[in-house]
Amino acid sequence: MRWPRGLDTLCFGGDYNPEQWPEETWEEDVALMRRAGVNLVNLGVFSWSALEPEPGRYTFGWLDRVLDLLHGGGVRVGLATPTASPPPWFGRAHPDALPVTSEGVGLTHGSRDTYCLSAPAYRQAALRIARALAERYADHPALALWHVHNEYATWCYCDHVAEAFRGWLSRRYGSLDAVNRAWTTAFWSQRYGAWEEIRPPRTTQYLGNPTQLLDFRRFLSAELFACFDEQRAVLRELTPDVPVTTNFVFGEWVPVDHRRWAETLDLVAIDHYPSAAGLAAAVQTAFHADLARSWAGGGPWLLMEQASSTVNTGQRLLAKAPGELARHSLSYVARGSRGAMFFQWRASRGGAEQYHAALVPHAGPDSRVFREATELGALLGRLAEVDGARVEAPVAILWDAEAWWALLGPGLPAPDLRYLDALAAAHRTLWRAGVTVDFADPEADLRGYRLVLVPSLYLTSDAASVSVRRYVEGGGHLMVWYFSGIVDVDARVRLGGYPGAFRDVLGVRSEEFHPLPPTVAVPLRVPEAGVSSVSSALGALGALGASSVSGIGEVQLTGRMWSEHIHLEGASAFASYAAGPLAGLPAVTRHGYGAGSAWYLSTGLDDADLATLLGAVLAEAGLRRVPPPPGVELVHRRSGGTRWLFALNHGDEARVVPLAGTAFAGGTDLVTAEVTGDGVTVPAGGVAIVRR
Ligand code: GAL
């Protein structure tokens with residue numbers, strides 16, 4: 001982990017695209033940046049056609065002037081290599097380097113990201129412009145960071161990609177026989193007799209081969225990484241002291257294993273745009289921030305892009321409410337981001353994203369957004385002390401991109417088995433309880449966590465199965481969701497009963513799936529033994545918002561979406577199916593294993609029921625918490641003997657966060673500079689950051 005040169009405080013700023021504006025605007029930009037407290041910009045992310053208007057002819061003069069102006073204004077620069085959007089001349093000169101869709105349609109220049117990631121002409125042109133920039137600006141005093149490319153995520157199915165895919169497969173498997181085995185090509189007569197017969201998974205007649213699809217994503221991740229890594233090598237050769245990063249984007253269309261990439265990065269940076277408004281946006285913000293921190297190995301990371309208000313995707317614009325700009329920014333900061341950056345500095349007049357919000361909107365600086373941005377800049381300037389403090393996360397959710405990708409495959413037993421949905425439900429249940437989670441690598445040493453949650457980890461490696469078992473043996477507490485541990489790394493079913501990777505630690509064997517249609521809900525019966533463990537957990541339930549539960553005998557759970565036929569092999573039933581074909585059989589189980597415990601949830605629960613069940617599991621793990629008021633997000637940080645409590649009120653009423661009996665009574669709120677007593681009042685939509 002290396003940090004941008006010359007930045008010893010939290011970063012604040014955004015993408016700066018001066019090539020869209022006449023030079024007169026630039027001086028005003030820098031003056032406004034100073035006013036807002038901007039200390040870092042990402043410069044030139046989409047500037048390739050302005051820098052190299054024809055092959056090999058560079059026009060660096062304008063960029064020289066911009067860099068000098070920024071330096072004069074005290075603004076540091078993350079200089080981008082502009083390789084996410086080659087100019088029109090590139091596609092004209094190299095038609096073979098334009099991307100081809102899975103249907104075989106060749107795409108034309110006209111948007112961005114219009115290149116084939118494996119085309120030699122693209123790779124060479126990208127390296128050439130990266131080298132030219134590094135040679136020109138190696139010694140520029142404003143240069144703090146290299147920002148390579150933008151959001152690596154491009155797909156292509158052309159012949160260049162086919163060749164590269166075959167190369168990757170031969171390195172992974174060593175022989176064609178091994179590919180045939182891993183892909184189970186005996187099914188449907190798919191056996192390959194020559195490497196040349198293997199293609200990317202282009203559109204085909206019916207369901208494709210799941211392992212071929214999974215391997216194609218793995219390959220794309222490796223190939224995109226190679227694109228990044230070769231640029232980074234050039235930048236490191238010419239500017240060994242300048243850290244290099246790239247901004248991660250996250251979504252089903254992104255074939256990047258971010259956790260793997262992150263292991264080699266100088267700095268993990270993410271872009272994040274919530275797809276919902278209100279409380280749901282706050283919950284998504286926390287989810288992505290926790291992911292980024294986890295990819296960064298628990299260390300600092302940077303929110304590289306977010307929107308100051310509306311996001312321009314061609315859908316209905318989603319405007320941020322007053323106060324949200326700061327609150328979301330501080331949620332990222334609370335969860336470890338070393339600052340809050342935006343896309344973009346000044347709203348574009350034209351172009352495809354002309355209605356996307358910016359720090360300086362079309363209306364100019366006399367606007368709510370610019371005023372809120374300026375206030376945020378000032379506050380971030382006062383928060384440098386939290387930088388580097390550890391985020392306290394006692395619970396881990398296992399995260400694995402390959403498990404996710406496998407669960408996007410064809411031919412699965414129910415369309416609503418969705419990895420991200422399962423993860424998000426677990427995460428938001430704990431968010432409501434004020435419990436911060438890490439997303440841990442399934443193969444990692446998990447001993448530092450009080451509780452480990454495994455929502456629908458469909459693909460589980462042997463190493464992960466061993467690491468989870470060791471964790472429980474050593475005294476850890478575990479909860480595994482349905483459809484975890486089903487297949488191995490080749491997406492082949494683990495035989496002998498589900499969930500193959502976790503049968504022994506869970507003490508159960510499941511012999512048959514019974515997916516439930518959306519209209520069917522199955523009541524679960526919690527027998528006396530189960531009720532009493534719920535009752536012992538009632539203290540924790542309030543923390544999880546399970547308000548419907550007030551005492552023994554009132555616990556009601558309902559199974560949805562999924563059920564399965566389980567046999568107890570060491571575990572005991574905590575709840576059983578009370579109706580339908582599985583009536584009387586176990587639905588939720590608990591197994592004492594080694595010095596720990598392992599719970600299995602064989603059906604889907606809504607949020608309230610999940611809160612009830614997790615309440616019991618948290619209590620067993622010794623994690624009781626004072627429940628935060630509704631809509632209030634809590635995050636704890638610690639560094640040596642100093643602790644910070646971030647309290648973000650996403651609701652529209654002021655809330656008091658009780659502090660009596662906690663380390664924070666009598667602390668100082670860094671936002672108001674006031675000393676707190678037995679509680680801190682967080683205004684509607686506001687934030688308190690208590691230091692003790
Ligand atoms: C990001 C991208 C930016 C801009 C933004 C709009 O994903 O990096 O260039 O397009 O989305 O929300």
# chains A, B, ... in the order shown; residues from 1 in each chain; ligands from 1
call {"tool": "residues_around", "arguments": {"residues": "segment 586-592 of chain A", "least_positions_apart": "6", "cutoff": "7 Å", "atoms": "only C-alpha atoms", "output": "number ranges by chain"}}
result
A: 506-507, 566, 570-577, 598-603
call {"tool": "residues_near_ligand", "arguments": {"ligand": "ligand 1", "cutoff": "6 Å", "atoms": "only C-alpha atoms and all ligand atoms", "output": "PDB file with N, CA, C and O atoms, in the first residue's frame"}}
result
ATOM      1  N   ASN A 150      -9.926   3.394 -16.917  1.00  0.00           N
ATOM      2  CA  ASN A 150     -11.125   3.723 -16.147  1.00  0.00           C
ATOM      3  C   ASN A 150     -11.990   2.482 -16.081  1.00  0.00           C
ATOM      4  O   ASN A 150     -12.387   1.941 -17.122  1.00  0.00           O
ATOM      5  N   GLU A 151     -12.221   1.999 -14.881  1.00  0.00           N
ATOM      6  CA  GLU A 151     -13.189   0.917 -14.663  1.00  0.00           C
ATOM      7  C   GLU A 151     -13.020  -0.240 -15.652  1.00  0.00           C
ATOM      8  O   GLU A 151     -13.876  -0.488 -16.503  1.00  0.00           O
ATOM      9  N   VAL A 311     -27.561  10.853 -11.166  1.00  0.00           N
ATOM     10  CA  VAL A 311     -26.735   9.970 -11.982  1.00  0.00           C
ATOM     11  C   VAL A 311     -27.407   9.872 -13.345  1.00  0.00           C
ATOM     12  O   VAL A 311     -28.615   9.701 -13.427  1.00  0.00           O
ATOM     13  N   PHE A 343     -17.347  11.995  -9.426  1.00  0.00           N
ATOM     14  CA  PHE A 343     -17.406  12.205 -10.857  1.00  0.00           C
ATOM     15  C   PHE A 343     -18.513  13.205 -11.072  1.00  0.00           C
ATOM     16  O   PHE A 343     -19.647  12.896 -10.765  1.00  0.00           O
TER      17      PHE A 343
END
call {"tool": "residues_around", "arguments": {"residues": "Gly559 of chain A", "least_positions_apart": "5", "cutoff": "12 Å", "atoms": "only C-alpha atoms", "output": "CSV table (one decimal) with N, CA and C atoms, in the first residue's frame"}}
result
chain,number,residue,atom,x,y,z
A,482,TYR,N,-28.6,-21.9,2.7
A,482,TYR,CA,-28.8,-22.8,1.6
A,482,TYR,C,-28.0,-22.5,0.3
A,514,HIS,N,-36.0,-28.6,-2.8
A,514,HIS,CA,-37.4,-28.3,-3.0
A,514,HIS,C,-37.6,-26.8,-3.2
A,515,PRO,N,-37.2,-26.2,-4.3
A,515,PRO,CA,-37.4,-24.8,-4.5
A,515,PRO,C,-38.9,-24.4,-4.4
A,516,LEU,N,-39.1,-23.3,-3.8
A,516,LEU,CA,-40.5,-22.8,-3.5
A,516,LEU,C,-40.9,-21.8,-4.5
A,517,PRO,N,-42.1,-21.9,-5.1
A,517,PRO,CA,-42.5,-20.8,-6.1
A,517,PRO,C,-42.7,-19.5,-5.3
A,518,PRO,N,-42.7,-18.3,-6.0
A,518,PRO,CA,-42.8,-17.0,-5.3
A,518,PRO,C,-44.1,-16.9,-4.4
A,519,THR,N,-45.1,-17.6,-4.8
A,519,THR,CA,-46.4,-17.5,-4.1
A,519,THR,C,-46.5,-18.4,-2.9
A,520,VAL,N,-45.5,-19.2,-2.7
A,520,VAL,CA,-45.6,-20.2,-1.6
A,520,VAL,C,-44.7,-19.8,-0.4
A,521,ALA,N,-45.3,-19.8,0.8
A,521,ALA,CA,-44.5,-19.5,2.0
A,521,ALA,C,-44.8,-20.7,3.0
A,522,VAL,N,-43.7,-21.2,3.6
A,522,VAL,CA,-43.9,-22.4,4.4
A,522,VAL,C,-43.6,-22.0,5.9
A,523,PRO,N,-44.7,-22.2,6.8
A,523,PRO,CA,-44.4,-21.8,8.2
A,523,PRO,C,-43.3,-22.8,8.8
A,524,LEU,N,-42.5,-22.2,9.6
A,524,LEU,CA,-41.5,-23.1,10.3
A,524,LEU,C,-41.9,-23.2,11.8
A,525,ARG,N,-41.7,-24.3,12.4
A,525,ARG,CA,-42.0,-24.5,13.8
A,525,ARG,C,-40.7,-24.5,14.6
A,564,GLU,N,-35.3,-27.7,1.5
A,564,GLU,CA,-34.6,-28.9,1.1
A,564,GLU,C,-34.8,-30.0,2.1
A,575,ALA,N,-35.3,-25.2,14.0
A,575,ALA,CA,-36.7,-25.0,13.5
A,575,ALA,C,-37.0,-26.1,12.4
A,576,SER,N,-38.3,-26.5,12.3
A,576,SER,CA,-38.6,-27.5,11.3
A,576,SER,C,-39.7,-26.9,10.4
A,577,TYR,N,-39.8,-27.5,9.2
A,577,TYR,CA,-40.9,-27.2,8.3
A,577,TYR,C,-42.2,-27.7,8.9
A,578,ALA,N,-43.2,-26.8,8.9
A,578,ALA,CA,-44.5,-27.1,9.6
A,578,ALA,C,-45.6,-27.5,8.6
A,579,ALA,N,-45.3,-27.4,7.3
A,579,ALA,CA,-46.3,-27.8,6.3
A,579,ALA,C,-45.6,-28.2,5.0
A,580,GLY,N,-46.4,-28.7,4.1
A,580,GLY,CA,-45.8,-29.0,2.7
A,580,GLY,C,-45.1,-30.3,2.8
A,582,LEU,N,-42.2,-31.3,3.1
A,582,LEU,CA,-41.1,-31.5,4.1
A,582,LEU,C,-41.6,-31.4,5.5
A,583,ALA,N,-42.9,-31.4,5.8
A,583,ALA,CA,-43.4,-31.1,7.1
A,583,ALA,C,-42.8,-32.1,8.1
A,586,PRO,N,-36.2,-31.0,9.5
A,586,PRO,CA,-35.5,-29.8,9.9
A,586,PRO,C,-35.3,-28.7,8.8
A,587,ALA,N,-35.4,-27.5,9.3
A,587,ALA,CA,-35.3,-26.4,8.3
A,587,ALA,C,-34.1,-25.5,8.7
A,588,VAL,N,-33.9,-25.3,10.1
A,588,VAL,CA,-32.7,-24.6,10.6
A,588,VAL,C,-32.1,-25.5,11.6
A,601,LEU,N,-29.1,-22.8,7.6
A,601,LEU,CA,-30.4,-22.2,7.2
A,601,LEU,C,-30.7,-22.8,5.8
A,602,SER,N,-31.7,-23.7,5.8
A,602,SER,CA,-32.0,-24.4,4.5
A,602,SER,C,-33.1,-23.7,3.7
A,603,THR,N,-33.6,-22.5,4.2
A,603,THR,CA,-34.7,-21.9,3.4
A,603,THR,C,-34.4,-20.4,3.5
A,604,GLY,N,-35.2,-19.6,2.6
A,604,GLY,CA,-35.0,-18.2,2.6
A,604,GLY,C,-35.9,-17.5,3.6
A,605,LEU,N,-35.4,-16.5,4.3
A,605,LEU,CA,-36.1,-15.7,5.3
A,605,LEU,C,-36.2,-14.3,4.8
A,606,ASP,N,-37.4,-13.6,5.2
A,606,ASP,CA,-37.4,-12.2,4.9
A,606,ASP,C,-36.5,-11.5,6.0
A,607,ASP,N,-36.4,-10.1,5.8
A,607,ASP,CA,-35.4,-9.4,6.7
A,607,ASP,C,-35.8,-9.6,8.2
A,608,ALA,N,-37.1,-9.5,8.5
A,608,ALA,CA,-37.4,-9.5,9.9
A,608,ALA,C,-37.1,-10.9,10.5
A,609,ASP,N,-37.4,-12.0,9.8
A,609,ASP,CA,-37.1,-13.3,10.3
A,609,ASP,C,-35.6,-13.6,10.3
A,610,LEU,N,-34.9,-13.0,9.3
A,610,LEU,CA,-33.5,-13.2,9.4
A,610,LEU,C,-32.9,-12.5,10.6
call {"tool": "residues_around", "arguments": {"residues": "Gly594 of chain A", "least_positions_apart": "2", "cutoff": "10 Å", "atoms": "only C-alpha atoms", "output": "list in words"}}
result
Arg469, Arg470, Tyr471, Val472, Glu473, Gly474, Gly475, Gly476, Val505, His591, Gly592, Gly596, Ser597 and Ala598 of chain A
call {"tool": "atom_distance", "arguments": {"atom1": "atom CA of Val360 of chain A", "atom2": "atom CA of Tyr16 of chain A"}}
result
10.9 Å
call {"tool": "closest_residue", "arguments": {"among": "A:Thr154, A:Thr83, A:Thr436, A:Thr662", "to": "Trp253 of chain A", "atoms": "only C-alpha atoms"}}
result
A:Thr154
call {"tool": "closest_residue", "arguments": {"among": "A:Ala138, A:Ala326, A:Ile129, A:Val452", "to": "Glu375 of chain A", "atoms": "only C-alpha atoms"}}
result
A:Ala326
call {"tool": "decode", "arguments": {"residues": "segment 452-468 of chain A", "atoms": "all heavy atoms", "output": "mmCIF file, in the first residue's frame"}}
result
data_model
loop_
_atom_site.group_PDB
_atom_site.id
_atom_site.type_symbol
_atom_site.label_atom_id
_atom_site.label_comp_id
_atom_site.auth_asym_id
_atom_site.auth_seq_id
_atom_site.Cartn_x
_atom_site.Cartn_y
_atom_site.Cartn_z
ATOM 1 N N VAL A 452 -18.923 -15.882 11.543
ATOM 2 C CA VAL A 452 -18.715 -15.897 10.094
ATOM 3 C C VAL A 452 -20.010 -16.326 9.417
ATOM 4 O O VAL A 452 -20.606 -17.346 9.798
ATOM 5 C CB VAL A 452 -17.548 -16.844 9.718
ATOM 6 C CG1 VAL A 452 -17.489 -17.057 8.213
ATOM 7 C CG2 VAL A 452 -16.216 -16.279 10.221
ATOM 8 N N LEU A 453 -20.466 -15.540 8.460
ATOM 9 C CA LEU A 453 -21.707 -15.832 7.736
ATOM 10 C C LEU A 453 -21.370 -16.265 6.309
ATOM 11 O O LEU A 453 -20.510 -15.665 5.664
ATOM 12 C CB LEU A 453 -22.605 -14.592 7.695
ATOM 13 C CG LEU A 453 -22.944 -13.983 9.057
ATOM 14 C CD1 LEU A 453 -23.810 -12.728 8.883
ATOM 15 C CD2 LEU A 453 -23.664 -15.003 9.941
ATOM 16 N N VAL A 454 -22.085 -17.276 5.855
ATOM 17 C CA VAL A 454 -21.803 -17.825 4.522
ATOM 18 C C VAL A 454 -23.096 -17.864 3.708
ATOM 19 O O VAL A 454 -23.754 -18.897 3.615
ATOM 20 C CB VAL A 454 -21.192 -19.245 4.644
ATOM 21 C CG1 VAL A 454 -20.739 -19.750 3.282
ATOM 22 C CG2 VAL A 454 -20.015 -19.242 5.618
ATOM 23 N N PRO A 455 -23.495 -16.737 3.126
ATOM 24 C CA PRO A 455 -24.723 -16.743 2.330
ATOM 25 C C PRO A 455 -24.469 -17.274 0.916
ATOM 26 O O PRO A 455 -23.698 -16.699 0.158
ATOM 27 C CB PRO A 455 -25.135 -15.254 2.272
ATOM 28 C CG PRO A 455 -24.189 -14.524 3.170
ATOM 29 C CD PRO A 455 -22.961 -15.386 3.288
ATOM 30 N N SER A 456 -25.092 -18.394 0.595
ATOM 31 C CA SER A 456 -25.104 -18.948 -0.773
ATOM 32 C C SER A 456 -23.739 -18.921 -1.463
ATOM 33 O O SER A 456 -23.605 -18.460 -2.589
ATOM 34 C CB SER A 456 -26.147 -18.213 -1.625
ATOM 35 O OG SER A 456 -27.414 -18.367 -1.029
ATOM 36 N N LEU A 457 -22.734 -19.461 -0.782
ATOM 37 C CA LEU A 457 -21.395 -19.588 -1.380
ATOM 38 C C LEU A 457 -21.395 -20.877 -2.205
ATOM 39 O O LEU A 457 -20.843 -21.897 -1.810
ATOM 40 C CB LEU A 457 -20.328 -19.631 -0.288
ATOM 41 C CG LEU A 457 -18.888 -19.528 -0.773
ATOM 42 C CD1 LEU A 457 -18.548 -18.083 -1.132
ATOM 43 C CD2 LEU A 457 -17.910 -20.025 0.298
ATOM 44 N N TYR A 458 -22.058 -20.794 -3.355
ATOM 45 C CA TYR A 458 -22.350 -21.962 -4.197
ATOM 46 C C TYR A 458 -21.085 -22.746 -4.534
ATOM 47 O O TYR A 458 -20.997 -23.945 -4.323
ATOM 48 C CB TYR A 458 -23.058 -21.432 -5.458
ATOM 49 C CG TYR A 458 -23.237 -22.410 -6.573
ATOM 50 C CD1 TYR A 458 -23.871 -23.631 -6.350
ATOM 51 C CD2 TYR A 458 -22.813 -22.108 -7.874
ATOM 52 C CE1 TYR A 458 -24.063 -24.520 -7.392
ATOM 53 C CE2 TYR A 458 -23.001 -22.983 -8.913
ATOM 54 C CZ TYR A 458 -23.615 -24.191 -8.675
ATOM 55 O OH TYR A 458 -23.805 -25.059 -9.700
ATOM 56 N N LEU A 459 -20.079 -22.045 -5.062
ATOM 57 C CA LEU A 459 -18.809 -22.693 -5.403
ATOM 58 C C LEU A 459 -17.881 -22.545 -4.200
ATOM 59 O O LEU A 459 -17.676 -21.430 -3.711
ATOM 60 C CB LEU A 459 -18.231 -22.014 -6.649
ATOM 61 C CG LEU A 459 -16.848 -22.428 -7.155
ATOM 62 C CD1 LEU A 459 -16.751 -22.131 -8.663
ATOM 63 C CD2 LEU A 459 -15.725 -21.725 -6.432
ATOM 64 N N THR A 460 -17.358 -23.655 -3.715
ATOM 65 C CA THR A 460 -16.462 -23.603 -2.557
ATOM 66 C C THR A 460 -15.250 -24.471 -2.839
ATOM 67 O O THR A 460 -15.388 -25.645 -3.181
ATOM 68 C CB THR A 460 -17.190 -24.110 -1.293
ATOM 69 O OG1 THR A 460 -18.406 -23.375 -1.137
ATOM 70 C CG2 THR A 460 -16.350 -23.917 -0.049
ATOM 71 N N SER A 461 -14.088 -23.889 -2.710
ATOM 72 C CA SER A 461 -12.858 -24.653 -2.963
ATOM 73 C C SER A 461 -12.583 -25.586 -1.783
ATOM 74 O O SER A 461 -13.113 -25.386 -0.683
ATOM 75 C CB SER A 461 -11.681 -23.694 -3.152
ATOM 76 O OG SER A 461 -11.402 -23.041 -1.925
ATOM 77 N N ASP A 462 -11.722 -26.569 -1.993
ATOM 78 C CA ASP A 462 -11.339 -27.472 -0.896
ATOM 79 C C ASP A 462 -10.689 -26.662 0.225
ATOM 80 O O ASP A 462 -10.947 -26.893 1.407
ATOM 81 C CB ASP A 462 -10.340 -28.520 -1.386
ATOM 82 C CG ASP A 462 -10.965 -29.469 -2.407
ATOM 83 O OD1 ASP A 462 -12.212 -29.441 -2.560
ATOM 84 O OD2 ASP A 462 -10.205 -30.212 -3.058
ATOM 85 N N ALA A 463 -9.846 -25.694 -0.169
ATOM 86 C CA ALA A 463 -9.139 -24.901 0.853
ATOM 87 C C ALA A 463 -10.136 -24.105 1.694
ATOM 88 O O ALA A 463 -9.968 -23.957 2.909
ATOM 89 C CB ALA A 463 -8.142 -23.966 0.186
ATOM 90 N N ALA A 464 -11.185 -23.609 1.066
ATOM 91 C CA ALA A 464 -12.184 -22.841 1.817
ATOM 92 C C ALA A 464 -12.930 -23.750 2.777
ATOM 93 O O ALA A 464 -13.205 -23.381 3.925
ATOM 94 C CB ALA A 464 -13.159 -22.174 0.847
ATOM 95 N N SER A 465 -13.241 -24.944 2.308
ATOM 96 C CA SER A 465 -13.962 -25.885 3.165
ATOM 97 C C SER A 465 -13.123 -26.193 4.410
ATOM 98 O O SER A 465 -13.627 -26.202 5.547
ATOM 99 C CB SER A 465 -14.278 -27.120 2.318
ATOM 100 O OG SER A 465 -14.417 -28.239 3.078
ATOM 101 N N VAL A 466 -11.813 -26.362 4.215
ATOM 102 C CA VAL A 466 -10.920 -26.647 5.346
ATOM 103 C C VAL A 466 -10.831 -25.427 6.267
ATOM 104 O O VAL A 466 -10.914 -25.548 7.495
ATOM 105 C CB VAL A 466 -9.513 -27.038 4.830
ATOM 106 C CG1 VAL A 466 -8.511 -27.081 5.972
ATOM 107 C CG2 VAL A 466 -9.570 -28.371 4.102
ATOM 108 N N SER A 467 -10.710 -24.248 5.684
ATOM 109 C CA SER A 467 -10.508 -23.061 6.536
ATOM 110 C C SER A 467 -11.752 -22.790 7.390
ATOM 111 O O SER A 467 -11.649 -22.421 8.559
ATOM 112 C CB SER A 467 -10.067 -21.853 5.696
ATOM 113 O OG SER A 467 -11.107 -20.954 5.496
ATOM 114 N N VAL A 468 -12.928 -23.025 6.828
ATOM 115 C CA VAL A 468 -14.157 -22.806 7.596
ATOM 116 C C VAL A 468 -14.257 -23.845 8.730
ATOM 117 O O VAL A 468 -14.606 -23.519 9.869
ATOM 118 C CB VAL A 468 -15.392 -22.867 6.654
ATOM 119 C CG1 VAL A 468 -16.681 -22.980 7.442
ATOM 120 C CG2 VAL A 468 -15.411 -21.641 5.739
#
